[in-house]
Amino acid sequence: MVLNLVKMITMANLLSMFILMEVVAGGFRFGVDGLRMDYYIMSCPFAESIVKNTVNRALQDDPTLAAALVRMHFHDCFVEGCDGSILIDSTKDNTAEKDSPGNLSLRGYEVIDDAKEQLEDQCPGIVSCADIVAMAARDAIFWSEGPVYDIPKGRKDGRRSKIEDTINLPFPTFNTSELISAFGKRGFSAQEMVALSGAHTLGVARCSSFKNRLSNADANLDSNFAKTLSKTCSAGDNAEQPFDATQNTFDNFYFNALIRKSGVLFSDQVLYTTPRTRNIVNGYAMNQAMFFFDFQQAMVKMGKVDVKEGSNGEVRQNCRKIN
């Protein structure tokens with residue numbers, strides 16, 4: 001009888017340990033459709049490495065694509081949530097988000113297509129385009145010497161992409177109050193808004209987005225930098241000006257540029273001229289580690305904005321069109 005009792009206790013302990021191991025290995029997988037760090041661990045275990053390798057190859061050929069992939073993720077999440085809607089092509093019956101004036105300069109779609117094609121070969125119908133965009137942005141930041149961070153996966157792809165929805169994107173002419181309001185509607189604080197604006201440490205702006213600053217006397221624009229911008233714009237509206245001196249490196253140089261009154265966009269420079277956000281800019285300019293920490297936290301949060309889960313979305317076979 002004692003032997004049987006010992007056996008029962010041993011079996012109960014083993015069962016409890018097995019259940020605990022399942023919970024840990026499954027990433028606490030209660031709630032089937034919830035976002036999880038290990039969402040593809042069983043269904044497509046090489047998903048993350050496929051995306052990372054694809055992004056790395058693309059950036060080795062063209063380092064400027066890092067900024068493009070980060071910008072694509074932002075423009076996706078700010079319109080209808082992080083659902084890959086930015087990837088959908090227009091049809092004769094519908095003008096999609098990507099053909100909005102604010103999105104015409106977006107690049108990097110071929111990187112997402114490449115990753116998706118490989119993933120469909122490995123594990124068809126499993127990895128969403130929305131997750132690929134989020135992972136590609138994260139990997140582009142790391143490749144550019146930015147912070148290392150992980151993101152939860154499990155987003156589904158949206159079935160809507162309409163040009164009129166892009167009115168929700170922040171404009172380069174926004175003042176600080178308008179920026180705080182636009183980000184606040186999506187649950188971000190003023191500090192998170194400034195941290196996310198730091199993504200402008202990568203990439204360039206086209207003259208068309210800042211030339212209005214040159215036609216009006218702007219006391220918050222350094223006179224020598226104004227000459228630089230004027231020279232850039234002499235080549236036309238599509239001429240490009242780097243946001244800071246290290247356009248392909250993720251660092252805090254962007255914030256130092258703002259302190260020198262050398263922000264390219266009006267919506268950049270107002271972050272320093274406005275008392276409410278000036279101290280945040282000063283903090284990030286002095287402490288890159290603090291900027292990196294706050295940025296990665298804000299990026300993870302942005303990646304959860306209005307995500308589609310379960311039957312509210314789908315996994316597209318082709319990122320450019322709804323199934």
# chains A, B, ... in the order shown; residues from 1 in each chain; ligands from 1
>>> closest_atom_pairs(of="segment 152-204 of chain A", to="segment 259-280 of chain A", cutoff="7 Å", atoms="only C-alpha atoms", output="CSV")
residue,atom,partner,partner_atom,distance
A:Pro172,CA,A:Ser267,CA,5.2
A:Thr173,CA,A:Phe266,CA,5.6
A:Phe174,CA,A:Ser267,CA,5.3
A:Asn175,CA,A:Ser267,CA,5.8
A:Thr176,CA,A:Val270,CA,6.0
A:Gln191,CA,A:Ile280,CA,6.7
>>> write_last_selection(atoms="N, CA, C and O atoms", output="PDB file, in the first residue's frame")
ATOM      1  N   PRO A 172       5.006  65.924 -42.031  1.00  0.00           N
ATOM      2  CA  PRO A 172       6.274  66.564 -41.676  1.00  0.00           C
ATOM      3  C   PRO A 172       6.124  68.013 -41.244  1.00  0.00           C
ATOM      4  O   PRO A 172       7.078  68.613 -40.751  1.00  0.00           O
ATOM      5  N   THR A 173       4.923  68.561 -41.406  1.00  0.00           N
ATOM      6  CA  THR A 173       4.653  69.938 -40.981  1.00  0.00           C
ATOM      7  C   THR A 173       3.990  70.011 -39.609  1.00  0.00           C
ATOM      8  O   THR A 173       3.676  71.103 -39.135  1.00  0.00           O
ATOM      9  N   PHE A 174       3.788  68.863 -38.968  1.00  0.00           N
ATOM     10  CA  PHE A 174       3.128  68.840 -37.658  1.00  0.00           C
ATOM     11  C   PHE A 174       3.975  69.560 -36.614  1.00  0.00           C
ATOM     12  O   PHE A 174       5.202  69.430 -36.591  1.00  0.00           O
ATOM     13  N   ASN A 175       3.291  70.300 -35.721  1.00  0.00           N
ATOM     14  CA  ASN A 175       3.969  70.851 -34.551  1.00  0.00           C
ATOM     15  C   ASN A 175       3.917  69.817 -33.433  1.00  0.00           C
ATOM     16  O   ASN A 175       3.327  68.737 -33.588  1.00  0.00           O
ATOM     17  N   THR A 176       4.516  70.134 -32.297  1.00  0.00           N
ATOM     18  CA  THR A 176       4.611  69.148 -31.222  1.00  0.00           C
ATOM     19  C   THR A 176       3.246  68.720 -30.708  1.00  0.00           C
ATOM     20  O   THR A 176       3.012  67.539 -30.436  1.00  0.00           O
ATOM     21  N   GLN A 191       6.966  60.983 -24.484  1.00  0.00           N
ATOM     22  CA  GLN A 191       8.325  60.440 -24.479  1.00  0.00           C
ATOM     23  C   GLN A 191       8.473  59.326 -25.507  1.00  0.00           C
ATOM     24  O   GLN A 191       9.490  59.249 -26.218  1.00  0.00           O
TER      25      GLN A 191
END
>>> atom_distance(atom1="atom CA of Met42 of chain A", atom2="atom CA of Lys153 of chain A")
12.9 Å
>>> residues_around(residues="segment 47-55 of chain A", least_positions_apart="2", cutoff="6 Å", atoms="only C-alpha atoms", output="PyMOL selection string")
chain A and resi 44-45+57-58+115+139
>>> write_last_selection(atoms="all heavy atoms", output="mmCIF file, in the first residue's frame")
data_model
loop_
_atom_site.group_PDB
_atom_site.id
_atom_site.type_symbol
_atom_site.label_atom_id
_atom_site.label_comp_id
_atom_site.auth_asym_id
_atom_site.auth_seq_id
_atom_site.Cartn_x
_atom_site.Cartn_y
_atom_site.Cartn_z
ATOM 1 N N CYS A 44 6.889 26.872 -37.790
ATOM 2 C CA CYS A 44 7.868 27.325 -38.788
ATOM 3 C C CYS A 44 9.133 27.770 -38.051
ATOM 4 O O CYS A 44 9.411 28.961 -37.945
ATOM 5 C CB CYS A 44 7.289 28.468 -39.629
ATOM 6 S SG CYS A 44 8.240 28.836 -41.123
ATOM 7 N N PRO A 45 9.891 26.805 -37.533
ATOM 8 C CA PRO A 45 11.005 27.132 -36.633
ATOM 9 C C PRO A 45 12.112 27.989 -37.233
ATOM 10 O O PRO A 45 12.855 28.633 -36.491
ATOM 11 C CB PRO A 45 11.544 25.746 -36.229
ATOM 12 C CG PRO A 45 11.036 24.798 -37.263
ATOM 13 C CD PRO A 45 9.734 25.352 -37.708
ATOM 14 N N ARG A 57 21.149 40.222 -46.376
ATOM 15 C CA ARG A 57 21.636 40.200 -47.759
ATOM 16 C C ARG A 57 21.256 41.472 -48.498
ATOM 17 O O ARG A 57 22.057 42.072 -49.222
ATOM 18 C CB ARG A 57 21.081 38.984 -48.504
ATOM 19 C CG ARG A 57 21.751 37.661 -48.165
ATOM 20 C CD ARG A 57 21.400 36.595 -49.182
ATOM 21 N NE ARG A 57 19.967 36.395 -49.315
ATOM 22 C CZ ARG A 57 19.258 35.540 -48.583
ATOM 23 N NH1 ARG A 57 19.864 34.812 -47.645
ATOM 24 N NH2 ARG A 57 17.958 35.400 -48.775
ATOM 25 N N ALA A 58 20.016 41.905 -48.297
ATOM 26 C CA ALA A 58 19.528 43.114 -48.976
ATOM 27 C C ALA A 58 20.295 44.355 -48.516
ATOM 28 O O ALA A 58 20.640 45.218 -49.327
ATOM 29 C CB ALA A 58 18.033 43.294 -48.722
ATOM 30 N N ALA A 115 11.480 37.343 -48.695
ATOM 31 C CA ALA A 115 11.332 36.566 -47.461
ATOM 32 C C ALA A 115 10.058 35.725 -47.500
ATOM 33 O O ALA A 115 10.056 34.543 -47.114
ATOM 34 C CB ALA A 115 11.316 37.506 -46.250
ATOM 35 N N ASP A 139 15.258 43.631 -37.567
ATOM 36 C CA ASP A 139 16.550 43.150 -38.051
ATOM 37 C C ASP A 139 17.340 44.262 -38.747
ATOM 38 O O ASP A 139 18.578 44.290 -38.685
ATOM 39 C CB ASP A 139 16.337 41.967 -39.002
ATOM 40 C CG ASP A 139 15.737 40.758 -38.295
ATOM 41 O OD1 ASP A 139 15.875 40.661 -37.061
ATOM 42 O OD2 ASP A 139 15.120 39.914 -38.974
#
>>> closest_residue(among="A:Lys308, A:Leu196, A:Pro242, A:Ala137", to="Ser85 of chain A", atoms="only C-alpha atoms")
A:Lys308
>>> atom_distance(atom1="atom CA of Phe78 of chain A", atom2="atom CA of Leu169 of chain A")
6.3 Å
>>> residues_around(residues="Ala199 of chain A", least_positions_apart="2", cutoff="12 Å", atoms="only C-alpha atoms", output="VMD selection string")
chain A and resid 66 to 74 137 to 138 140 to 141 144 146 to 147 192 to 197 201 to 204 243 to 244 247 to 255 268 291 to 292 294 to 296 298 to 299
>>> residues_around(residues="segment 309-311 of chain A", least_positions_apart="6", cutoff="8 Å", atoms="only C-alpha atoms", output="number ranges by chain")
A: 33-34, 154-156
>>> select_by_dssp(residues="segment 207-318 of chain A", states="strand (DSSP E or B)", output="JSON, numbers by chain")
{"A": [240, 241, 242, 308, 314]}
>>> atom_distance(atom1="atom CA of Val127 of chain A", atom2="atom CA of Asp157 of chain A")
9.7 Å
>>> closest_residue(among="A:Lys162, A:Lys304, A:Lys116, A:Lys321", to="Leu35 of chain A", atoms="only C-alpha atoms")
A:Lys304
>>> select_by_dssp(residues="segment 102-194 of chain A", states="helix (DSSP H, G or I)", output="ChimeraX atom specification")
/A:102-103,109-122,129-143,163-168,176-184,190-194
>>> residues_around(residues="Ser90 of chain A", least_positions_apart="4", cutoff="10 Å", atoms="only C-alpha atoms", output="PyMOL selection string")
chain A and resi 94-99+161-163+320-321
